[in-house]
Amino acid sequence: MAKKQFAVIGLGRFGVSVARKLMEARHDVLGIDIRDEKVEDVEQYFTHAAVADATEEKALTALGVRNFECVIVAIGNDIQSSILTTMLLKNLGVQKIIAKAVSKRHGQVLEKIGVDWIIYPEKDMGERVAKQLLSPNVLNYIELSKEHNIEEIKLPVKMVGKNLRELNLRAKYNINVIALVRDGDVIVSLSPEHSLQQDDFLIVIGNRKDLVKFSDL
Ligand code: ATP
Ligand code: ATP
Ligand code: CA
């Protein structure tokens, strides 16, 4: 992936986590916070870090924020600052704006402003925890639509030693295997004769109801 320029506004736990991952992937990250101690904490790890009030247009312009491909607004509790900042970014013509919302109403306002991706960290994480508790065999999942998921599911014990031809999962469970994860390696071109082992994970695509039936085995 080509090197990209990201700006993260608000260096709380959420903002710092996003920025850290982007830095690890060797992208450029500008971190901005109104409090100097927050900026001091991250200065040595980020490409740039600046103390600024993001609700001031002059400050954003001086930092060249409009030139960034993607800006993440990680201000949460101070809803007014979050909204003012996103409005300014939108007016400056920033291509892609991602913002964290702390409530449904906060999210609705961000949507009106035209934020490209609104994240509800607590709500999303809570749902993931519940899903994990309800389906302990599902390690990971992606919601493709209201009905379909891609899920990483632990191989049911009774299928250990069998292969895809014998298991006939398409016919029996109406699901399709995309790949196999074994010891952290992903095997994408999986032959129907490949023998499955204990502790294997299957990456499968299918209807959510069918996936639940399979992961509950
Ligand atoms: P988190 O839940 O991510 O840990 P938090 O609960 O500490 O965050 P938030 O209110 O979500 O706090 O704010 C995140 C950061 O945004 C804080 O470090 C805060 O100083 C910063 N921030 C708030 N207002 C502004 C602003 N106008 N300009 C720049 N940074 C701001
Ligand atoms: P099909 O039309 O079902 O793909 P096929 O004989 O062309 O039939 P093969 O690739 O030879 O398919 O595999 C034989 C059987 O193994 C399939 O019918 C299916 O039941 C199972 N199978 C193979 N690959 C997968 C997969 N990726 N996901 C689920 N089941 C599979
Ligand atoms: Ca918080």
# chains A, B, ... in the order shown; residues from 1 in each chain; ligands from 1

$ closest_atom_pairs --of "chain A" --to "ligand 3" --cutoff "9 Å" --atoms "only C-alpha atoms and all ligand atoms" --output "Markdown table"
| residue | atom | partner | partner_atom_place_in_ligand_line | distance |
| --- | --- | --- | --- | --- |
| A:Gly12 | CA | ligand 3 | 1 (Ca) | 7.3 |
| A:Arg13 | CA | ligand 3 | 1 (Ca) | 7.5 |
| A:Phe14 | CA | ligand 3 | 1 (Ca) | 7.9 |
| A:Ile75 | CA | ligand 3 | 1 (Ca) | 8.6 |
| A:Gly76 | CA | ligand 3 | 1 (Ca) | 6.4 |
| A:Asn77 | CA | ligand 3 | 1 (Ca) | 6.3 |
| A:Val102 | CA | ligand 3 | 1 (Ca) | 8.1 |
| A:Glu122 | CA | ligand 3 | 1 (Ca) | 9.0 |

$ write_last_selection --atoms "N, CA, C and O atoms" --output "compact mmCIF listing (two decimals), in the first residue's frame"
# COMPACT_ATOMS: atom_id res chain seq x y z
N GLY A 12 -7.16 10.95 22.67
CA GLY A 12 -7.60 10.09 23.78
C GLY A 12 -7.21 8.66 23.44
O GLY A 12 -6.42 8.42 22.52
N ARG A 13 -7.78 7.70 24.15
CA ARG A 13 -7.42 6.30 23.90
C ARG A 13 -7.79 5.86 22.48
O ARG A 13 -7.04 5.17 21.80
N PHE A 14 -8.97 6.29 22.03
CA PHE A 14 -9.44 5.91 20.70
C PHE A 14 -8.52 6.47 19.61
O PHE A 14 -8.02 5.73 18.76
N ILE A 75 -12.58 13.18 18.80
CA ILE A 75 -13.08 13.92 19.97
C ILE A 75 -14.45 13.34 20.26
O ILE A 75 -15.28 13.23 19.34
N GLY A 76 -14.72 12.96 21.50
CA GLY A 76 -16.00 12.33 21.77
C GLY A 76 -16.86 13.12 22.73
O GLY A 76 -17.88 13.71 22.35
N ASN A 77 -16.43 13.17 23.98
CA ASN A 77 -17.27 13.73 25.04
C ASN A 77 -17.65 15.18 24.79
O ASN A 77 -18.76 15.60 25.11
N VAL A 102 -20.46 9.61 20.38
CA VAL A 102 -20.69 9.03 21.71
C VAL A 102 -22.16 8.71 21.96
O VAL A 102 -22.51 8.08 22.94
N GLU A 122 -18.07 2.30 21.73
CA GLU A 122 -18.64 1.53 22.84
C GLU A 122 -19.73 0.59 22.36
O GLU A 122 -19.76 -0.58 22.73

$ residues_around --residues "segment 200-209 of chain A" --least-positions-apart "2" --cutoff "7 Å" --atoms "only C-alpha atoms" --output "number ranges by chain"
A: 147-155, 174-182, 196-198, 211-213

$ residues_around --residues "Leu63 of chain A" --least-positions-apart "5" --cutoff "10 Å" --atoms "only C-alpha atoms" --output "VMD selection string"
chain A and resid 7 30 32 50 52 58

$ write_last_selection --atoms "C-alpha atoms" --output "mmCIF file, in the first residue's frame"
data_model
loop_
_atom_site.group_PDB
_atom_site.id
_atom_site.type_symbol
_atom_site.label_atom_id
_atom_site.label_comp_id
_atom_site.auth_asym_id
_atom_site.auth_seq_id
_atom_site.Cartn_x
_atom_site.Cartn_y
_atom_site.Cartn_z
ATOM 1 C CA ALA A 7 -4.531 13.359 10.588
ATOM 2 C CA LEU A 30 -0.317 14.032 12.219
ATOM 3 C CA ILE A 32 -3.581 17.024 17.069
ATOM 4 C CA ALA A 50 0.724 19.555 17.319
ATOM 5 C CA ALA A 52 -4.106 23.111 18.510
ATOM 6 C CA LYS A 58 -6.906 29.171 11.361
#

$ residues_near_ligand --ligand "ligand 2" --cutoff "7 Å" --atoms "only C-alpha atoms and all ligand atoms" --output "ChimeraX atom specification"
/A:164-171,175-178,191-192

$ residues_near_ligand --ligand "ligand 1" --cutoff "9 Å" --atoms "only C-alpha atoms and all ligand atoms" --output "ChimeraX atom specification"
/A:9-17,32-39,51-56,73-82,84-85,100-102,121

$ write_last_selection --atoms "N, CA, C and O atoms" --output "short mmCIF file (atom, residue, chain, number, x, y, z; two decimals), in the first residue's frame"
data_model
loop_
_atom_site.label_atom_id
_atom_site.label_comp_id
_atom_site.auth_asym_id
_atom_site.auth_seq_id
_atom_site.Cartn_x
_atom_site.Cartn_y
_atom_site.Cartn_z
N ILE A 9 -7.41 13.89 15.04
CA ILE A 9 -7.71 15.01 15.93
C ILE A 9 -8.35 14.47 17.20
O ILE A 9 -9.41 13.85 17.16
N GLY A 10 -7.69 14.72 18.34
CA GLY A 10 -8.16 14.20 19.62
C GLY A 10 -7.33 12.97 19.96
O GLY A 10 -7.47 11.92 19.34
N LEU A 11 -6.43 13.12 20.93
CA LEU A 11 -5.51 12.02 21.25
C LEU A 11 -5.88 11.34 22.56
O LEU A 11 -5.05 11.17 23.46
N GLY A 12 -7.16 10.95 22.67
CA GLY A 12 -7.60 10.09 23.78
C GLY A 12 -7.21 8.66 23.44
O GLY A 12 -6.42 8.42 22.52
N ARG A 13 -7.78 7.70 24.15
CA ARG A 13 -7.42 6.30 23.90
C ARG A 13 -7.79 5.86 22.48
O ARG A 13 -7.04 5.17 21.80
N PHE A 14 -8.97 6.29 22.03
CA PHE A 14 -9.44 5.91 20.70
C PHE A 14 -8.52 6.47 19.61
O PHE A 14 -8.02 5.73 18.76
N GLY A 15 -8.30 7.78 19.67
CA GLY A 15 -7.46 8.43 18.65
C GLY A 15 -6.05 7.86 18.61
O GLY A 15 -5.51 7.59 17.54
N VAL A 16 -5.47 7.64 19.78
CA VAL A 16 -4.10 7.13 19.85
C VAL A 16 -4.03 5.70 19.29
O VAL A 16 -3.10 5.35 18.58
N SER A 17 -5.05 4.88 19.58
CA SER A 17 -5.06 3.51 19.04
C SER A 17 -5.10 3.52 17.52
O SER A 17 -4.36 2.77 16.87
N ILE A 32 -3.25 15.68 16.57
CA ILE A 32 -3.58 17.02 17.07
C ILE A 32 -4.39 16.90 18.35
O ILE A 32 -5.34 16.10 18.41
N ASP A 33 -4.04 17.68 19.35
CA ASP A 33 -4.87 17.74 20.55
C ASP A 33 -4.76 19.14 21.15
O ASP A 33 -3.75 19.82 20.99
N ILE A 34 -5.81 19.52 21.85
CA ILE A 34 -5.85 20.86 22.45
C ILE A 34 -4.98 20.90 23.72
O ILE A 34 -4.53 21.97 24.13
N ARG A 35 -4.72 19.72 24.30
CA ARG A 35 -3.94 19.68 25.54
C ARG A 35 -2.50 19.27 25.28
O ARG A 35 -2.25 18.23 24.67
N ASP A 36 -1.55 20.10 25.78
CA ASP A 36 -0.14 19.81 25.46
C ASP A 36 0.35 18.48 26.01
O ASP A 36 1.16 17.82 25.39
N GLU A 37 -0.18 18.06 27.20
CA GLU A 37 0.33 16.79 27.74
C GLU A 37 -0.01 15.60 26.85
O GLU A 37 0.77 14.65 26.73
N LYS A 38 -1.17 15.68 26.18
CA LYS A 38 -1.56 14.61 25.24
C LYS A 38 -0.59 14.56 24.06
O LYS A 38 -0.22 13.49 23.59
N VAL A 39 -0.21 15.73 23.59
CA VAL A 39 0.70 15.82 22.44
C VAL A 39 2.10 15.36 22.85
O VAL A 39 2.75 14.59 22.12
N VAL A 51 -0.11 20.86 19.15
CA VAL A 51 -1.12 21.36 20.07
C VAL A 51 -1.94 22.39 19.31
O VAL A 51 -1.39 23.37 18.80
N ALA A 52 -3.24 22.15 19.20
CA ALA A 52 -4.11 23.11 18.51
C ALA A 52 -5.55 22.87 18.89
O ALA A 52 -5.94 21.75 19.23
N ASP A 53 -6.34 23.95 18.82
CA ASP A 53 -7.78 23.83 19.00
C ASP A 53 -8.40 23.61 17.62
O ASP A 53 -8.42 24.52 16.79
N ALA A 54 -8.89 22.41 17.40
CA ALA A 54 -9.39 22.03 16.08
C ALA A 54 -10.68 22.74 15.70
O ALA A 54 -11.12 22.65 14.56
N THR A 55 -11.27 23.45 16.64
CA THR A 55 -12.49 24.20 16.29
C THR A 55 -12.14 25.57 15.71
O THR A 55 -13.03 26.34 15.37
N GLU A 56 -10.85 25.86 15.61
CA GLU A 56 -10.42 27.13 15.01
C GLU A 56 -9.89 26.89 13.60
O GLU A 56 -8.90 26.20 13.40
N VAL A 73 -11.68 12.31 13.30
CA VAL A 73 -12.05 13.16 14.43
C VAL A 73 -12.36 12.24 15.61
O VAL A 73 -13.39 11.59 15.66
N ALA A 74 -11.42 12.21 16.55
CA ALA A 74 -11.55 11.30 17.69
C ALA A 74 -11.87 12.06 18.97
O ALA A 74 -11.50 11.65 20.06
N ILE A 75 -12.58 13.18 18.80
CA ILE A 75 -13.08 13.92 19.97
C ILE A 75 -14.45 13.34 20.26
O ILE A 75 -15.28 13.23 19.34
N GLY A 76 -14.72 12.96 21.50
CA GLY A 76 -16.00 12.33 21.77
C GLY A 76 -16.86 13.12 22.73
O GLY A 76 -17.88 13.71 22.35
N ASN A 77 -16.43 13.17 23.98
CA ASN A 77 -17.27 13.73 25.04
C ASN A 77 -17.65 15.18 24.79
O ASN A 77 -18.76 15.60 25.11
N ASP A 78 -16.74 15.95 24.24
CA ASP A 78 -17.04 17.34 23.93
C ASP A 78 -17.72 17.38 22.55
O ASP A 78 -17.10 17.66 21.53
N ILE A 79 -19.03 17.12 22.58
CA ILE A 79 -19.79 16.98 21.33
C ILE A 79 -19.73 18.25 20.48
O ILE A 79 -19.60 18.20 19.27
N GLN A 80 -19.79 19.39 21.17
CA GLN A 80 -19.76 20.66 20.44
C GLN A 80 -18.45 20.80 19.64
O GLN A 80 -18.47 21.17 18.47
N SER A 81 -17.33 20.46 20.26
CA SER A 81 -16.03 20.53 19.56
C SER A 81 -15.99 19.54 18.41
O SER A 81 -15.47 19.85 17.33
N SER A 82 -16.53 18.37 18.63
CA SER A 82 -16.54 17.35 17.58
C SER A 82 -17.31 17.86 16.36
O SER A 82 -16.85 17.75 15.22
N LEU A 84 -18.17 21.08 15.57
CA LEU A 84 -17.54 22.25 14.95
C LEU A 84 -16.34 21.83 14.10
O LEU A 84 -16.16 22.30 12.98
N THR A 85 -15.55 20.92 14.64
CA THR A 85 -14.36 20.45 13.92
C THR A 85 -14.74 19.77 12.61
O THR A 85 -14.16 20.06 11.56
N LYS A 100 -15.78 9.78 15.49
CA LYS A 100 -16.33 8.95 16.55
C LYS A 100 -17.53 9.67 17.16
O LYS A 100 -17.51 10.89 17.34
N ALA A 101 -18.58 8.92 17.43
CA ALA A 101 -19.77 9.50 18.06
C ALA A 101 -19.99 8.82 19.41
O ALA A 101 -19.74 7.64 19.55
N VAL A 102 -20.46 9.61 20.38
CA VAL A 102 -20.69 9.03 21.71
C VAL A 102 -22.16 8.71 21.96
O VAL A 102 -22.51 8.08 22.94
N PRO A 121 -17.64 3.56 19.15
CA PRO A 121 -16.74 2.55 19.72
C PRO A 121 -17.37 1.70 20.82
O PRO A 121 -17.23 0.47 20.79
#

$ residues_around --residues "Leu110 of chain A" --least-positions-apart "3" --cutoff "10 Å" --atoms "only C-alpha atoms" --output "count of residues only"
19

$ select_by_dssp --residues "segment 60-173 of chain A" --states "strand (DSSP E or B)" --output "list in words"
Cys70, Val71, Ile72, Val73, Lys96, Ile97, Ile98, Ala99, Lys100, Trp117, Ile118, Ile119, Val138, Leu139, Asn140, Tyr141, Ile142, Glu143, His148, Asn149, Ile150, Glu151, Glu152, Ile153 and Lys154 of chain A

$ residues_around --residues "Val8 of chain A" --least-positions-apart "4" --cutoff "6 Å" --atoms "only C-alpha atoms" --output "list of chain:residue names"
A:Gly31, A:Val71, A:Ile72

$ residues_around --residues "Gln5 of chain A" --least-positions-apart "5" --cutoff "6 Å" --atoms "only C-alpha atoms" --output "ChimeraX atom specification"
/A:28,68-69

$ write_last_selection --atoms "N, CA and C atoms" --output "compact mmCIF listing (two decimals), in the first residue's frame"
# COMPACT_ATOMS: atom_id res chain seq x y z
N ASP A 28 1.99 8.17 7.23
CA ASP A 28 2.28 9.41 7.96
C ASP A 28 1.07 9.79 8.80
N PHE A 68 -4.69 16.51 3.75
CA PHE A 68 -4.63 15.11 4.17
C PHE A 68 -5.72 14.30 3.47
N GLU A 69 -5.38 13.05 3.10
CA GLU A 69 -6.34 12.21 2.39
C GLU A 69 -7.49 11.83 3.31

$ select_by_dssp --residues "chain A" --states "helix (DSSP H, G or I)" --output "NGL selection string"
:A and (13-24 or 36-42 or 57-62 or 65-67 or 79-92 or 104-113 or 121-134 or 157-159 or 164-167 or 169-173 or 208-215)

$ atom_distance --atom1 "atom CA of Val138 of chain A" --atom2 "atom CA of Met23 of chain A"
28.8 Å

$ atom_distance --atom1 "atom CA of Leu89 of chain A" --atom2 "atom CA of Leu60 of chain A"
8.2 Å

$ closest_residue --among "A:Pro156, A:Lys172, A:Asn91, A:Gln108" --to "Tyr120 of chain A" --atoms "only C-alpha atoms"
A:Gln108

$ atom_distance --atom1 "atom CA of Asp216 of chain A" --atom2 "atom CA of Leu134 of chain A"
9.3 Å
